[in-house]
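Just entry_33.cif here, mmCIF, C-alpha atoms, pLDDT in the B column; chains and numbers go by the auth columns:
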```
data_entry
loop_
_atom_site.group_PDB
_atom_site.id
_atom_site.type_symbol
_atom_site.label_atom_id
_atom_site.label_comp_id
_atom_site.label_asym_id
_atom_site.label_seq_id
_atom_site.Cartn_x
_atom_site.Cartn_y
_atom_site.Cartn_z
_atom_site.B_iso_or_equiv
_atom_site.auth_seq_id
_atom_site.auth_asym_id
ATOM 1 C CA MET A 1 62.266 107.079 104.072 92.00 1 A
ATOM 2 C CA LYS A 2 64.924 105.338 101.949 95.00 2 A
ATOM 3 C CA LYS A 3 67.212 102.891 103.758 97.00 3 A
ATOM 4 C CA ILE A 4 70.968 103.061 103.209 97.00 4 A
ATOM 5 C CA LEU A 5 73.439 100.487 104.451 97.00 5 A
ATOM 6 C CA LEU A 6 76.800 102.179 104.970 97.00 6 A
ATOM 7 C CA VAL A 7 79.682 99.681 104.868 97.00 7 A
ATOM 8 C CA ASP A 8 83.154 100.908 105.814 96.00 8 A
ATOM 9 C CA ASP A 9 85.764 100.091 108.434 94.00 9 A
ATOM 10 C CA GLU A 10 87.024 103.675 108.806 95.00 10 A
ATOM 11 C CA PRO A 11 85.269 105.389 111.757 94.00 11 A
ATOM 12 C CA ASN A 12 85.821 108.948 110.428 94.00 12 A
ATOM 13 C CA ILE A 13 84.198 108.123 107.091 94.00 13 A
ATOM 14 C CA ILE A 14 81.271 106.411 108.788 95.00 14 A
ATOM 15 C CA MET A 15 80.763 109.374 111.099 96.00 15 A
ATOM 16 C CA ALA A 16 80.863 111.978 108.310 95.00 16 A
ATOM 17 C CA LEU A 17 78.633 110.005 105.943 96.00 17 A
ATOM 18 C CA GLU A 18 76.144 108.998 108.606 97.00 18 A
ATOM 19 C CA TYR A 19 75.717 112.621 109.685 97.00 19 A
ATOM 20 C CA SER A 20 75.351 113.942 106.120 96.00 20 A
ATOM 21 C CA LEU A 21 72.974 111.212 104.971 97.00 21 A
ATOM 22 C CA ARG A 22 70.725 111.454 108.054 97.00 22 A
ATOM 23 C CA LYS A 23 70.607 115.236 107.549 96.00 23 A
ATOM 24 C CA ASN A 24 69.279 114.495 104.040 95.00 24 A
ATOM 25 C CA ASN A 25 66.455 112.330 105.444 95.00 25 A
ATOM 26 C CA TYR A 26 67.863 108.880 104.803 97.00 26 A
ATOM 27 C CA GLU A 27 67.587 106.040 107.303 97.00 27 A
ATOM 28 C CA ILE A 28 71.139 104.808 107.939 98.00 28 A
ATOM 29 C CA PHE A 29 72.411 101.412 109.047 98.00 29 A
ATOM 30 C CA ILE A 30 76.102 100.672 109.562 98.00 30 A
ATOM 31 C CA ALA A 31 78.279 97.626 108.944 97.00 31 A
ATOM 32 C CA ARG A 32 81.978 97.742 109.790 96.00 32 A
ATOM 33 C CA ASP A 33 83.035 94.713 107.735 95.00 33 A
ATOM 34 C CA GLY A 34 81.823 92.670 104.788 95.00 34 A
ATOM 35 C CA GLU A 35 80.460 89.831 106.900 96.00 35 A
ATOM 36 C CA GLU A 36 78.231 92.208 108.859 96.00 36 A
ATOM 37 C CA ALA A 37 77.201 93.883 105.581 96.00 37 A
ATOM 38 C CA ILE A 38 75.979 90.589 104.106 95.00 38 A
ATOM 39 C CA ASP A 39 74.029 89.789 107.272 95.00 39 A
ATOM 40 C CA LEU A 40 72.404 93.244 107.490 96.00 40 A
ATOM 41 C CA ALA A 41 71.639 93.507 103.762 95.00 41 A
ATOM 42 C CA GLY A 42 69.733 90.231 103.877 92.00 42 A
ATOM 43 C CA LYS A 43 67.697 91.386 106.894 94.00 43 A
ATOM 44 C CA LEU A 44 67.134 95.062 106.021 94.00 44 A
ATOM 45 C CA LYS A 45 66.768 94.930 102.229 94.00 45 A
ATOM 46 C CA PRO A 46 68.202 98.461 101.864 96.00 46 A
ATOM 47 C CA ASP A 47 67.499 100.710 98.901 96.00 47 A
ATOM 48 C CA LEU A 48 71.207 101.524 98.611 97.00 48 A
ATOM 49 C CA VAL A 49 74.465 100.043 99.887 97.00 49 A
ATOM 50 C CA ILE A 50 77.429 102.427 100.091 97.00 50 A
ATOM 51 C CA LEU A 51 80.308 100.013 100.064 97.00 51 A
ATOM 52 C CA ASP A 52 84.048 100.168 100.661 96.00 52 A
ATOM 53 C CA ILE A 53 86.145 97.517 98.883 96.00 53 A
ATOM 54 C CA MET A 54 89.030 96.997 101.324 94.00 54 A
ATOM 55 C CA MET A 55 87.543 95.659 104.548 92.00 55 A
ATOM 56 C CA PRO A 56 88.218 92.938 107.108 88.00 56 A
ATOM 57 C CA LYS A 57 86.688 89.433 106.927 90.00 57 A
ATOM 58 C CA VAL A 58 84.879 89.758 103.584 93.00 58 A
ATOM 59 C CA ASP A 59 85.882 92.372 100.986 94.00 59 A
ATOM 60 C CA GLY A 60 83.518 94.635 99.070 95.00 60 A
ATOM 61 C CA TYR A 61 83.718 92.577 95.890 95.00 61 A
ATOM 62 C CA GLU A 62 82.358 89.546 97.744 95.00 62 A
ATOM 63 C CA VAL A 63 79.564 91.681 99.200 95.00 63 A
ATOM 64 C CA LEU A 64 78.692 92.844 95.667 94.00 64 A
ATOM 65 C CA GLU A 65 78.565 89.239 94.474 94.00 65 A
ATOM 66 C CA PHE A 66 76.230 88.354 97.347 93.00 66 A
ATOM 67 C CA LEU A 67 73.913 91.269 96.535 92.00 67 A
ATOM 68 C CA GLN A 68 73.726 90.225 92.870 91.00 68 A
ATOM 69 C CA LYS A 69 72.961 86.586 93.696 92.00 69 A
ATOM 70 C CA HIS A 70 70.379 87.240 96.439 88.00 70 A
ATOM 71 C CA GLU A 71 66.911 86.908 94.889 85.00 71 A
ATOM 72 C CA THR A 72 65.207 89.718 96.825 83.00 72 A
ATOM 73 C CA LEU A 73 68.163 92.124 96.696 87.00 73 A
ATOM 74 C CA LYS A 74 69.448 91.884 93.126 80.00 74 A
ATOM 75 C CA ASN A 75 66.569 93.874 91.629 80.00 75 A
ATOM 76 C CA THR A 76 65.859 96.273 94.493 82.00 76 A
ATOM 77 C CA THR A 77 69.158 97.217 96.117 88.00 77 A
ATOM 78 C CA GLN A 78 71.594 99.538 94.363 94.00 78 A
ATOM 79 C CA THR A 79 75.268 99.725 95.263 96.00 79 A
ATOM 80 C CA LEU A 80 77.653 102.678 95.296 97.00 80 A
ATOM 81 C CA ILE A 81 81.327 101.909 95.865 97.00 81 A
ATOM 82 C CA ILE A 82 83.580 104.309 97.751 96.00 82 A
ATOM 83 C CA SER A 83 87.178 103.108 97.753 95.00 83 A
ATOM 84 C CA ALA A 84 90.806 104.125 97.937 94.00 84 A
ATOM 85 C CA LYS A 85 91.511 101.597 95.178 93.00 85 A
ATOM 86 C CA GLN A 86 92.294 103.940 92.297 90.00 86 A
ATOM 87 C CA LYS A 87 93.182 101.693 89.359 94.00 87 A
ATOM 88 C CA GLU A 88 90.890 101.599 86.349 95.00 88 A
ATOM 89 C CA SER A 89 90.779 97.800 86.681 96.00 89 A
ATOM 90 C CA ASP A 90 89.345 98.179 90.220 95.00 90 A
ATOM 91 C CA VAL A 91 86.648 100.528 88.966 95.00 91 A
ATOM 92 C CA GLU A 92 85.814 98.198 86.075 96.00 92 A
ATOM 93 C CA LYS A 93 85.631 95.183 88.390 96.00 93 A
ATOM 94 C CA GLY A 94 83.248 96.974 90.776 95.00 94 A
ATOM 95 C CA LEU A 95 80.980 98.110 87.976 96.00 95 A
ATOM 96 C CA SER A 96 81.028 94.696 86.287 95.00 96 A
ATOM 97 C CA LEU A 97 79.912 93.101 89.567 94.00 97 A
ATOM 98 C CA GLY A 98 76.836 95.326 89.639 93.00 98 A
ATOM 99 C CA ALA A 99 77.783 98.603 91.322 95.00 99 A
ATOM 100 C CA LYS A 100 75.946 101.608 89.867 95.00 100 A
ATOM 101 C CA ASP A 101 78.844 103.998 90.464 96.00 101 A
ATOM 102 C CA TYR A 102 82.381 104.085 91.898 97.00 102 A
ATOM 103 C CA ILE A 103 83.678 107.073 93.840 96.00 103 A
ATOM 104 C CA LYS A 104 87.379 107.193 94.676 94.00 104 A
ATOM 105 C CA LYS A 105 88.602 108.221 98.144 93.00 105 A
ATOM 106 C CA PRO A 106 89.195 110.934 99.135 92.00 106 A
ATOM 107 C CA PHE A 107 85.867 112.240 97.904 92.00 107 A
ATOM 108 C CA SER A 108 83.641 115.255 98.270 93.00 108 A
ATOM 109 C CA ILE A 109 80.608 114.726 100.521 93.00 109 A
ATOM 110 C CA LYS A 110 78.641 116.967 98.158 95.00 110 A
ATOM 111 C CA LYS A 111 79.489 114.764 95.163 94.00 111 A
ATOM 112 C CA LEU A 112 78.580 111.636 97.116 96.00 112 A
ATOM 113 C CA LEU A 113 75.241 113.132 98.207 96.00 113 A
ATOM 114 C CA ASN A 114 74.456 114.132 94.617 96.00 114 A
ATOM 115 C CA THR A 115 75.187 110.582 93.460 96.00 115 A
ATOM 116 C CA VAL A 116 73.068 109.074 96.265 97.00 116 A
ATOM 117 C CA ASN A 117 70.176 111.391 95.419 95.00 117 A
ATOM 118 C CA GLU A 118 70.411 110.477 91.719 95.00 118 A
ATOM 119 C CA LEU A 119 70.441 106.753 92.502 95.00 119 A
ATOM 120 C CA LEU A 120 67.490 106.938 94.892 95.00 120 A
ATOM 121 C CA THR A 121 65.292 109.327 92.903 89.00 121 A
ATOM 122 C CA PRO A 122 63.041 107.466 90.476 76.00 122 A
ATOM 123 C CA ASN A 123 63.297 108.478 86.820 66.00 123 A
ATOM 124 C CA THR A 124 60.333 110.530 85.721 48.00 124 A
#
```
What would you get if you wrote out this structure as structure tokens?
Amino acid sequence: MKKILLVDDEPNIIMALEYSLRKNNYEIFIARDGEEAIDLAGKLKPDLVILDIMMPKVDGYEVLEFLQKHETLKNTTQTLIISAKQKESDVEKGLSLGAKDYIKKPFSIKKLLNTVNELLTPNT
């Protein structure tokens, strides 16, 4: 079972994503701020981090930088950003820091699930 670390400070988004991802047979772990995300990512070594940018304590960009610098995570953990930050410069920054994709809020759960499935399905 693939492990996903869901990082967001909005309870409604966490609830909806956790339900949908568990229903699709993913093991879900939750962090409500960037500091907790860094701690959990280092311990869990998730296959995917679904990451909001605007969060308390440590923002999503700093979490991305941590994931890219961490020896055991940089080659095994993929990151998908979900954010209300809509500017093209925000998207470019997220992708340049190592995110595989950037989905703008509000988003379709179906689109997010399709993206997660694509990221976690090995190329054949």
For Gly60 in chain A: contacts at 10 Å, only C-alpha atoms, fewer than 4 positions along chain excluded, given as a compact mmCIF listing (two decimals) with C-alpha atoms, in the frame of the given file:
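Listing of part-v8.txt after writing:
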```txt
# COMPACT_ATOMS: atom_id res chain seq x y z
CA VAL A 7 79.68 99.68 104.87
CA ASP A 8 83.15 100.91 105.81
CA ASP A 33 83.04 94.71 107.74
CA GLY A 34 81.82 92.67 104.79
CA GLU A 35 80.46 89.83 106.90
CA ALA A 37 77.20 93.88 105.58
CA ILE A 38 75.98 90.59 104.11
CA ILE A 50 77.43 102.43 100.09
CA LEU A 51 80.31 100.01 100.06
CA ASP A 52 84.05 100.17 100.66
CA ILE A 53 86.14 97.52 98.88
CA MET A 54 89.03 97.00 101.32
CA MET A 55 87.54 95.66 104.55
CA PRO A 56 88.22 92.94 107.11
CA LEU A 64 78.69 92.84 95.67
CA GLU A 65 78.56 89.24 94.47
CA PHE A 66 76.23 88.35 97.35
CA ILE A 81 81.33 101.91 95.86
CA ILE A 82 83.58 104.31 97.75
CA SER A 83 87.18 103.11 97.75
CA GLY A 94 83.25 96.97 90.78
```
### Task
Evaluate the PyMOL selection byres ((chain A and resi 100-116) around 7) here and jot the selected residues down as a PyMOL selection string.
chain A and resi 78-86+91+95+98-99+117-120
### Task
Select, from A:Asn75, A:Val58, A:Glu92, A:Pro122, the residue with the minimum atom-to-atom distance to Lys2 in chain A, counting all atoms listed in the file.
A:Pro122
#### Entry: Surrounding residues of Glu27 in chain A excluding itself and chain neighbours under 4 positions, 7 Å, all atoms listed in the file, as number ranges by chain
A: 1-4, 22
### Task
Name the closest residue to Val63 in chain A among the candidates A:Glu18, A:Glu88, A:Glu36, A:Asp47; distances are taken between atoms, counting all atoms listed in the file.
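With all atoms listed in the file as the atom set, the closest residue is A:Glu36.
Going from CA of Leu97 in chain A over to CA of Thr76 in chain A, you cover 15.2 Å.
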### Query
How many Å lie between CA of Leu44 in chain A and CA of Lys69 in chain A, rounded to one decimal?
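Distance between the two atoms: 16.1 Å.
The space between CA of Ile13 in chain A and CA of Thr72 in chain A spans 28.4 Å.
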Let me know the centre plus edge lengths, in Å and rounded to one decimal, of a box with edges along x, y and z that contains all listed atoms of range 57-68 of chain A and is padded by 3 Å on every side, as lines of an AutoDock Vina configuration file.
```
center_x = 80.2
center_y = 91.5
center_z = 99.9
size_x = 19.0
size_y = 12.3
size_z = 20.1
```
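Ranking A:Ile28, A:Leu73, A:Leu21, A:Ile14 by their shortest atom-to-atom distance to Lys43 in chain A, with only C-alpha atoms included, puts A:Leu73 first.
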### Query
Smallest atom-to-atom distance to Val49 in chain A: which of A:Gln68, A:Ser89, A:Asn24, A:Thr77, using only C-alpha atoms?
A:Thr77
